[in-house]
file run.txt (compact mmCIF, C-alpha atoms)
# COMPACT_ATOMS: atom_id res chain seq x y z
CA MET O 32 186.75 -177.84 76.15
CA ILE O 33 183.62 -176.18 77.53
CA THR O 34 183.81 -174.07 80.69
CA LEU O 35 180.68 -172.58 82.20
CA VAL O 36 181.30 -169.44 84.27
CA ILE O 37 178.32 -168.29 86.37
CA GLY O 38 178.08 -165.37 88.75
CA GLY O 39 175.74 -162.72 90.10
CA ALA O 40 175.72 -159.03 89.21
CA ALA O 41 179.20 -157.47 89.30
CA SER O 42 180.68 -160.69 90.67
CA GLY O 43 183.75 -160.39 88.46
CA LYS O 44 182.57 -163.22 86.15
CA SER O 45 183.46 -161.41 82.91
CA GLU O 46 187.00 -160.57 84.04
CA TYR O 47 187.53 -164.14 85.17
CA ALA O 48 186.16 -165.61 81.92
CA GLU O 49 188.47 -163.33 79.95
CA ARG O 50 191.41 -164.55 81.99
CA LEU O 51 190.53 -168.13 81.01
CA ILE O 52 190.47 -167.21 77.32
CA MET O 53 193.79 -165.34 77.65
CA LYS O 54 195.31 -168.48 79.21
CA SER O 55 194.07 -170.69 76.39
CA ALA O 56 196.57 -171.44 73.63
CA ALA O 57 193.76 -171.51 71.05
CA ARG O 58 193.62 -168.76 68.42
CA PRO O 59 192.06 -166.60 67.25
CA ARG O 60 190.18 -165.24 70.25
CA ILE O 61 186.55 -164.61 69.45
CA TYR O 62 184.24 -162.56 71.62
CA LEU O 63 180.67 -163.57 70.89
CA ALA O 64 178.49 -160.76 72.16
CA THR O 65 174.80 -161.52 72.73
CA MET O 66 173.67 -158.25 74.27
CA GLU O 67 171.68 -155.90 72.11
CA PRO O 68 172.62 -152.33 73.01
CA PHE O 69 169.36 -150.92 74.40
CA GLY O 70 169.51 -147.43 75.92
CA ALA O 71 172.33 -145.52 77.57
CA GLU O 72 172.93 -148.02 80.37
CA GLY O 73 173.22 -150.87 77.84
CA ARG O 74 175.66 -148.89 75.74
CA ARG O 75 177.74 -147.99 78.83
CA ARG O 76 177.87 -151.66 79.81
CA ILE O 77 179.01 -152.64 76.34
CA GLU O 78 181.62 -149.86 76.36
CA LYS O 79 182.95 -151.13 79.70
CA HIS O 80 183.34 -154.64 78.34
CA ARG O 81 184.88 -153.33 75.11
CA ALA O 82 187.48 -151.42 77.11
CA MET O 83 188.27 -154.59 79.04
CA ARG O 84 188.94 -156.44 75.80
CA ALA O 85 190.89 -153.64 74.19
CA ALA O 86 194.43 -154.66 73.28
CA LYS O 87 193.64 -158.27 74.16
CA ASP O 88 193.42 -159.29 70.54
CA PHE O 89 189.76 -160.32 70.45
CA GLN O 90 187.62 -160.41 67.32
CA THR O 91 184.08 -159.43 68.17
CA LEU O 92 181.14 -161.27 66.69
CA GLU O 93 177.67 -160.00 67.54
CA ARG O 94 174.92 -162.56 67.57
CA TYR O 95 171.69 -161.87 69.47
CA THR O 96 169.81 -165.00 68.40
CA GLY O 97 170.30 -168.09 66.23
CA LEU O 98 173.72 -169.34 67.31
CA ILE O 99 173.06 -172.37 65.13
CA ASN O 100 173.97 -170.15 62.17
CA ALA O 101 177.12 -168.71 63.77
CA GLU O 102 180.45 -169.73 62.27
CA VAL O 103 183.70 -169.34 64.18
CA PRO O 104 187.22 -170.28 63.01
CA ALA O 105 188.26 -173.89 63.60
CA GLY O 106 190.41 -174.27 66.69
CA SER O 107 189.52 -170.83 68.08
CA ALA O 108 188.94 -169.74 71.68
CA VAL O 109 185.41 -168.39 72.04
CA LEU O 110 184.06 -166.29 74.87
CA LEU O 111 180.26 -166.30 74.76
CA GLU O 112 178.78 -163.47 76.83
CA CYS O 113 176.26 -163.98 78.09
CA LEU O 114 173.78 -166.83 78.29
CA GLY O 115 171.32 -164.68 80.27
CA ASN O 116 170.98 -162.23 77.39
CA LEU O 117 170.78 -165.01 74.86
CA CYS O 118 167.89 -166.58 76.81
CA ALA O 119 166.02 -163.29 76.92
CA ASN O 120 166.61 -162.69 73.21
CA GLU O 121 165.54 -166.16 72.07
CA ARG O 122 162.51 -166.06 74.31
CA TYR O 123 161.25 -162.52 73.74
CA ALA O 124 162.82 -160.97 70.62
CA PRO O 125 160.65 -160.91 67.45
CA ASN O 126 163.23 -162.99 65.57
CA GLY O 127 163.94 -165.29 68.53
CA ALA O 128 162.93 -168.93 68.81
CA GLY O 129 160.04 -168.12 71.18
CA PRO O 130 159.11 -169.57 74.59
CA ASP O 131 158.64 -173.16 73.43
CA ARG O 132 161.77 -173.51 71.34
CA ALA O 133 164.24 -171.22 73.15
CA ALA O 134 165.91 -173.93 75.24
CA ASP O 135 166.55 -176.24 72.29
CA ALA O 136 167.69 -173.38 70.05
CA ILE O 137 170.24 -172.26 72.64
CA ARG O 138 171.54 -175.73 73.45
CA ASN O 139 171.88 -176.70 69.79
CA GLY O 140 173.54 -173.38 69.05
CA ILE O 141 176.07 -173.84 71.82
CA PHE O 142 176.95 -177.36 70.77
CA HIS O 143 177.27 -176.12 67.19
CA LEU O 144 179.83 -173.58 68.43
CA ALA O 145 181.63 -176.06 70.67
CA ALA O 146 182.07 -178.39 67.68
CA GLN O 147 183.92 -175.68 65.75
CA CYS O 148 186.17 -174.08 68.35
CA ARG O 149 188.76 -175.57 70.65
CA ASP O 150 187.90 -173.76 73.86
CA LEU O 151 184.49 -172.35 74.66
CA VAL O 152 183.92 -170.26 77.76
CA ILE O 153 180.26 -169.44 78.45
CA VAL O 154 179.47 -166.59 80.82
CA SER O 155 176.11 -166.66 82.54
CA ASN O 156 174.14 -164.85 85.14
CA GLU O 157 173.01 -166.33 88.44
CA VAL O 158 169.39 -165.19 88.79
CA CYS O 159 167.88 -167.79 91.12
CA SER O 160 169.39 -166.74 94.46
CA GLY O 161 167.06 -163.83 95.12
CA GLY O 162 164.15 -165.64 96.69
CA ARG O 163 161.07 -167.11 95.06
CA ASP O 164 158.84 -164.08 94.97
CA TYR O 165 158.49 -164.17 91.19
CA ALA O 166 155.72 -165.16 88.83
CA GLY O 167 154.66 -165.21 85.19
CA ASP O 168 157.17 -164.22 82.56
CA THR O 169 159.98 -163.52 85.02
CA LEU O 170 159.60 -166.93 86.65
CA GLU O 171 159.56 -168.62 83.25
CA TYR O 172 162.74 -166.79 82.30
CA MET O 173 164.42 -167.93 85.53
CA GLN O 174 163.31 -171.51 84.87
CA LEU O 175 164.65 -171.38 81.31
CA LEU O 176 168.04 -170.08 82.37
CA ALA O 177 168.29 -172.51 85.30
CA PHE O 178 167.33 -175.40 83.03
CA LEU O 179 170.09 -174.44 80.61
CA HIS O 180 172.60 -174.15 83.44
CA ARG O 181 171.82 -177.69 84.56
CA ARG O 182 171.89 -179.12 81.06
CA LEU O 183 175.05 -177.31 80.01
CA ALA O 184 176.75 -178.30 83.26
CA VAL O 185 176.28 -181.95 82.27
CA GLN O 186 178.09 -181.38 78.98
CA ALA O 187 180.66 -178.89 80.23
CA ASP O 188 184.13 -180.01 81.29
CA ASN O 189 184.30 -177.32 83.96
CA VAL O 190 181.63 -175.44 85.88
CA CYS O 191 182.71 -172.44 87.85
CA GLU O 192 180.87 -169.97 90.05
CA VAL O 193 182.56 -166.59 90.53
CA VAL O 194 182.21 -165.04 93.99
CA CYS O 195 183.66 -161.54 94.48
CA GLY O 196 186.12 -162.17 91.66
CA LEU O 197 187.26 -165.55 93.00
CA PRO O 198 186.47 -168.82 91.20
CA VAL O 199 184.69 -171.68 92.97
CA TYR O 200 184.68 -174.85 90.84
CA HIS O 201 181.70 -177.17 91.12
CA LYS O 202 182.94 -179.46 88.36
CA GLY O 203 186.37 -179.98 86.86
CA GLY O 204 188.82 -177.20 87.62
CA GLU O 205 190.52 -174.21 86.06
CA PRO O 206 191.76 -175.27 82.61
CA GLN O 207 195.55 -175.41 82.49
CA MET N 55 191.50 -157.79 106.90
CA ILE N 56 189.29 -160.86 106.63
CA PHE N 57 186.41 -160.49 104.22
CA ILE N 58 183.39 -162.68 104.91
CA THR N 59 180.59 -162.96 102.38
CA GLY N 60 177.65 -165.21 101.58
CA PRO N 61 173.89 -165.12 101.06
CA LEU N 62 171.47 -163.63 103.56
CA TYR N 63 171.21 -165.64 106.82
CA SER N 64 173.94 -168.05 105.74
CA GLY N 65 175.81 -167.91 109.07
CA LYS N 66 178.40 -165.21 108.38
CA ARG N 67 178.21 -163.56 111.81
CA THR N 68 178.13 -166.86 113.70
CA PHE N 69 181.23 -167.89 111.78
CA ALA N 70 182.95 -164.57 112.53
CA GLN N 71 182.17 -164.91 116.25
CA LYS N 72 183.59 -168.41 116.27
CA LEU N 73 186.67 -167.24 114.41
CA LEU N 74 187.34 -164.43 116.89
CA GLY N 75 186.07 -166.37 119.88
CA CYS N 76 183.93 -163.40 120.84
CA THR N 77 180.40 -162.41 121.84
CA PRO N 78 177.90 -160.80 119.42
CA GLU N 79 178.48 -157.46 121.19
CA GLU N 80 182.21 -157.68 120.73
CA LEU N 81 181.72 -158.63 117.08
CA ASN N 82 179.73 -155.44 116.56
CA ARG N 83 182.80 -153.49 117.70
CA ARG N 84 185.42 -155.49 115.84
CA ALA N 85 183.63 -156.10 112.56
CA VAL N 86 181.92 -153.83 110.09
CA GLN N 87 178.76 -155.49 108.80
CA ASP N 88 176.35 -155.10 105.89
CA VAL N 89 178.89 -153.15 103.83
CA GLN N 90 176.76 -153.84 100.73
CA ASP N 91 174.52 -151.02 102.01
CA LEU N 92 177.48 -148.62 102.09
CA ALA N 93 178.07 -149.19 98.37
CA ARG N 94 174.70 -147.71 97.42
CA ASP N 95 175.21 -144.18 96.10
CA CYS N 96 178.87 -144.29 97.14
CA PRO N 97 180.78 -141.82 94.94
CA ASN N 98 184.13 -143.59 95.34
CA LEU N 99 184.19 -147.35 95.89
CA GLU N 100 188.01 -147.46 95.89
CA LYS N 101 188.17 -144.99 98.76
CA LEU N 102 185.50 -146.91 100.67
CA THR N 103 187.49 -150.11 100.13
CA GLU N 104 190.60 -148.36 101.41
CA GLU N 105 188.80 -147.31 104.60
CA LEU N 106 187.25 -150.72 105.17
CA SER N 107 190.58 -152.48 104.62
CA CYS N 108 191.84 -151.11 107.95
CA ARG N 109 189.20 -153.11 109.82
CA GLU N 110 189.73 -156.56 111.29
CA ILE N 111 186.64 -158.19 109.77
CA VAL N 112 184.41 -156.95 106.96
CA ILE N 113 181.10 -158.70 106.28
CA ALA N 114 178.95 -158.34 103.16
CA VAL N 115 175.72 -160.00 102.06
CA GLU N 116 175.78 -161.31 98.49
CA THR N 117 173.03 -159.38 96.73
CA GLY N 118 173.73 -159.95 93.04
CA GLY N 119 172.30 -163.45 92.66
CA GLY N 120 168.67 -162.64 91.96
CA VAL N 121 166.76 -161.43 88.91
CA VAL N 122 168.17 -158.18 87.54
CA PRO N 123 165.89 -155.47 89.02
CA VAL N 124 163.74 -153.41 86.69
CA ASP N 125 164.39 -150.25 88.72
CA PRO N 126 167.59 -148.50 87.53
CA ALA N 127 168.56 -147.32 91.05
CA GLU N 128 168.20 -150.86 92.44
CA ARG N 129 170.23 -152.19 89.53
CA ALA N 130 172.97 -149.64 90.17
CA ALA N 131 173.01 -150.39 93.92
CA ARG N 132 173.43 -154.10 93.23
CA GLU N 133 176.24 -153.39 90.77
CA ALA N 134 177.98 -151.19 93.32
CA ALA N 135 177.64 -153.84 96.03
CA GLY N 136 179.14 -156.47 93.73
CA ARG N 137 181.97 -154.19 92.68
CA LEU N 138 182.74 -153.31 96.30
CA ALA N 139 182.89 -157.03 97.17
CA CYS N 140 185.38 -157.63 94.31
CA LEU N 141 187.55 -154.73 95.53
CA LEU N 142 187.42 -155.92 99.14
CA ALA N 143 188.30 -159.48 98.12
CA GLU N 144 191.29 -158.12 96.21
CA ARG N 145 192.51 -156.24 99.27
CA ALA N 146 191.73 -158.88 101.89
CA GLU N 147 194.36 -161.27 103.22
CA THR N 148 191.64 -163.87 103.64
CA VAL N 149 188.26 -164.27 101.93
CA VAL N 150 185.68 -166.66 103.35
CA ARG N 151 182.31 -167.48 101.87
CA VAL N 152 179.76 -168.94 104.23
CA PHE N 153 177.08 -171.12 102.68
CA CYS N 154 174.47 -172.97 104.82
CA GLY N 155 176.68 -172.21 107.80
CA LEU N 156 179.67 -173.88 106.13
CA PRO N 157 182.74 -171.70 105.57
CA THR N 158 184.85 -172.06 102.41
CA VAL N 159 188.14 -170.20 102.28
CA LEU N 160 188.36 -168.63 98.82
CA LYS N 161 191.63 -166.79 99.36
CA GLY N 162 194.51 -166.96 101.83
CA GLU N 163 194.08 -168.89 105.04
CA LEU N 164 192.38 -168.54 108.39
CA PRO N 165 194.48 -167.16 111.22
call {"tool": "encode", "arguments": {"input": "run.txt", "output": "structure tokens"}}
result
Amino acid sequence: MITLVIGGAASGKSEYAERLIMKSAARPRIYLATMEPFGAEGRRRIEKHRAMRAAKDFQTLERYTGLINAEVPAGSAVLLECLGNLCANERYAPNGAGPDRAADAIRNGIFHLAAQCRDLVIVSNEVCSGGRDYAGDTLEYMQLLAFLHRRLAVQADNVCEVVCGLPVYHKGGEPQ
Amino acid sequence: MIFITGPLYSGKRTFAQKLLGCTPEELNRRAVQDVQDLARDCPNLEKLTEELSCREIVIAVETGGGVVPVDPAERAAREAAGRLACLLAERAETVVRVFCGLPTVLKGELP
């Protein structure tokens, strides 16, 4: 089952996504981290999320690009965090797929994961509710992420927006 | 406390006035508005939440839904606003999100 969890900055999306994985009967629990630790703020953010997962029995797998090569245990519960980072990495990183192939690389990678695990929860960042005063690279990044949201939402069983820590389902509902 | 949130100009105040059956002037007295601005540089968001929880209506603009700002201070302010909204929602009896003027109750029920 694929559940897409989208929210703005500090909306409580990570905590909510973790709750979904904790509710899932699938094991083991895999945390697929896509954020490369750049600078002190990046490291602090990663530390915060690590502390949240502490004692929750997660195995962490770090994968910044190329999800198509990621292997997870059959029948596992996978928390992918987050699609926004993955988009940036595939689009801009030297070993990423590049602007033209990023969307396909990410979609194929996600379906490759979904085929292996039992429950996949994908966390993503809402970036298109801040007006349209953007251009160039930033606009292209927004378009890429929004495109993936729409495409993944078609395939996903559940699509959830998190607003101040509370889930709002646009498709399906909270997995039981 | 009823916590009302939603994007900019989504109808939060109009909804609050309707809910209380009051004038804009009365709403200014009974509700605390734009609390996302109070989160910026706030040393203790829990304490701020505690203080705001005593109010009848608390209104916040959703600010975290745009591109992550390049400026570290702007990024931090947005994080703080989001965190404050999560804390307020936890404390509130009722949480309403107003979108295109349409209210959705996310928690509890309307009085």
call {"tool": "residues_around", "arguments": {"input": "run.txt", "residues": "segment 74-89 of chain O", "least_positions_apart": "2", "cutoff": "12 Å", "atoms": "only C-alpha atoms", "output": "ChimeraX atom specification"}}
result
/O:41,43-50,52-54,57-72,91-93,107-110,112-113 /N:130,133
call {"tool": "residues_around", "arguments": {"input": "run.txt", "residues": "segment 106-121 of chain N", "least_positions_apart": "6", "cutoff": "8 Å", "atoms": "all atoms listed in the file", "output": "count of residues only"}}
result
39
call {"tool": "atom_distance", "arguments": {"input": "run.txt", "atom1": "atom CA of Pro123 of chain N", "atom2": "atom CA of Ile33 of chain O"}}
result
29.6 Å
call {"tool": "residues_around", "arguments": {"input": "run.txt", "residues": "segment 117-128 of chain O", "least_positions_apart": "2", "cutoff": "8 Å", "atoms": "only C-alpha atoms", "output": "NGL selection string"}}
result
:O and (65-66 or 95-97 or 113-115 or 130-134 or 136-137 or 172 or 175-176)
call {"tool": "atom_distance", "arguments": {"input": "run.txt", "atom1": "atom CA of Glu100 of chain N", "atom2": "atom CA of Arg129 of chain N"}}
result
19.5 Å
call {"tool": "closest_residue", "arguments": {"input": "run.txt", "among": "O:Val36, O:Ala177, O:Ile153, O:Ile141", "to": "Lys202 of chain O", "atoms": "only C-alpha atoms"}}
result
O:Val36
call {"tool": "atom_distance", "arguments": {"input": "run.txt", "atom1": "atom CA of Leu138 of chain N", "atom2": "atom CA of Glu79 of chain N"}}
result
25.6 Å
call {"tool": "residues_around", "arguments": {"input": "run.txt", "residues": "Val150 of chain N", "least_positions_apart": "4", "cutoff": "6 Å", "atoms": "all atoms listed in the file", "output": "ChimeraX atom specification"}}
result
/N:58,158-160
call {"tool": "write_last_selection", "arguments": {"input": "run.txt", "atoms": "C-alpha atoms", "output": "JSON list (two decimals), in the coordinates of the input"}}
result
[["chain", "number", "residue", "atom", "x", "y", "z"],
["N", 58, "ILE", "CA", 183.39, -162.68, 104.91],
["N", 158, "THR", "CA", 184.85, -172.06, 102.41],
["N", 159, "VAL", "CA", 188.14, -170.20, 102.28],
["N", 160, "LEU", "CA", 188.36, -168.63, 98.82]]
call {"tool": "residues_around", "arguments": {"input": "run.txt", "residues": "Ala105 of chain O", "least_positions_apart": "3", "cutoff": "8 Å", "atoms": "all atoms listed in the file", "output": "VMD selection string"}}
result
chain O and resid 147 to 149
call {"tool": "build_atoms", "arguments": {"input": "run.txt", "residues": "segment 96-120 of chain O", "atoms": "N, CA and C atoms", "output": "short mmCIF file (atom, residue, chain, number, x, y, z; two decimals), in the coordinates of the input"}}
result
data_model
loop_
_atom_site.label_atom_id
_atom_site.label_comp_id
_atom_site.auth_asym_id
_atom_site.auth_seq_id
_atom_site.Cartn_x
_atom_site.Cartn_y
_atom_site.Cartn_z
N THR O 96 170.62 -163.77 68.44
CA THR O 96 169.81 -165.00 68.40
C THR O 96 170.44 -165.94 67.37
N GLY O 97 169.92 -167.16 67.30
CA GLY O 97 170.30 -168.09 66.23
C GLY O 97 171.77 -168.46 66.18
N LEU O 98 172.32 -168.91 67.30
CA LEU O 98 173.72 -169.34 67.31
C LEU O 98 173.97 -170.51 66.37
N ILE O 99 172.91 -171.21 66.01
CA ILE O 99 173.06 -172.37 65.13
C ILE O 99 173.62 -171.94 63.77
N ASN O 100 173.44 -170.65 63.44
CA ASN O 100 173.97 -170.15 62.17
C ASN O 100 175.31 -169.44 62.33
N ALA O 101 175.86 -169.44 63.55
CA ALA O 101 177.12 -168.71 63.77
C ALA O 101 178.30 -169.59 63.38
N GLU O 102 179.23 -169.00 62.64
CA GLU O 102 180.45 -169.73 62.27
C GLU O 102 181.63 -169.07 62.95
N VAL O 103 182.46 -169.87 63.59
CA VAL O 103 183.70 -169.34 64.18
C VAL O 103 184.86 -170.16 63.61
N PRO O 104 186.08 -169.56 63.59
CA PRO O 104 187.22 -170.28 63.01
C PRO O 104 187.51 -171.59 63.75
N ALA O 105 187.91 -172.60 62.99
CA ALA O 105 188.26 -173.89 63.60
C ALA O 105 189.41 -173.70 64.57
N GLY O 106 189.32 -174.32 65.73
CA GLY O 106 190.41 -174.27 66.69
C GLY O 106 190.49 -172.97 67.48
N SER O 107 189.47 -172.14 67.40
CA SER O 107 189.52 -170.83 68.08
C SER O 107 189.16 -170.96 69.57
N ALA O 108 189.38 -169.86 70.29
CA ALA O 108 188.94 -169.74 71.68
C ALA O 108 187.78 -168.76 71.68
N VAL O 109 186.61 -169.22 72.12
CA VAL O 109 185.41 -168.39 72.04
C VAL O 109 184.90 -168.05 73.44
N LEU O 110 184.67 -166.76 73.63
CA LEU O 110 184.06 -166.29 74.87
C LEU O 110 182.63 -165.86 74.54
N LEU O 111 181.67 -166.61 75.02
CA LEU O 111 180.26 -166.30 74.76
C LEU O 111 179.71 -165.52 75.96
N GLU O 112 179.28 -164.29 75.73
CA GLU O 112 178.78 -163.47 76.83
C GLU O 112 177.51 -162.73 76.40
N CYS O 113 176.39 -162.93 77.12
CA CYS O 113 176.26 -163.98 78.09
C CYS O 113 174.98 -164.77 77.84
N LEU O 114 174.91 -165.92 78.46
CA LEU O 114 173.78 -166.83 78.29
C LEU O 114 172.46 -166.19 78.74
N GLY O 115 172.52 -165.34 79.76
CA GLY O 115 171.32 -164.68 80.27
C GLY O 115 170.67 -163.80 79.21
N ASN O 116 171.50 -163.06 78.48
CA ASN O 116 170.98 -162.23 77.39
C ASN O 116 170.42 -163.09 76.26
N LEU O 117 171.18 -164.12 75.95
CA LEU O 117 170.78 -165.01 74.86
C LEU O 117 169.40 -165.61 75.15
N CYS O 118 169.19 -166.03 76.39
CA CYS O 118 167.89 -166.58 76.81
C CYS O 118 166.78 -165.56 76.60
N ALA O 119 167.03 -164.34 77.06
CA ALA O 119 166.02 -163.29 76.92
C ALA O 119 165.74 -163.03 75.44
N ASN O 120 166.80 -162.96 74.64
CA ASN O 120 166.61 -162.69 73.21
C ASN O 120 165.83 -163.79 72.51
#
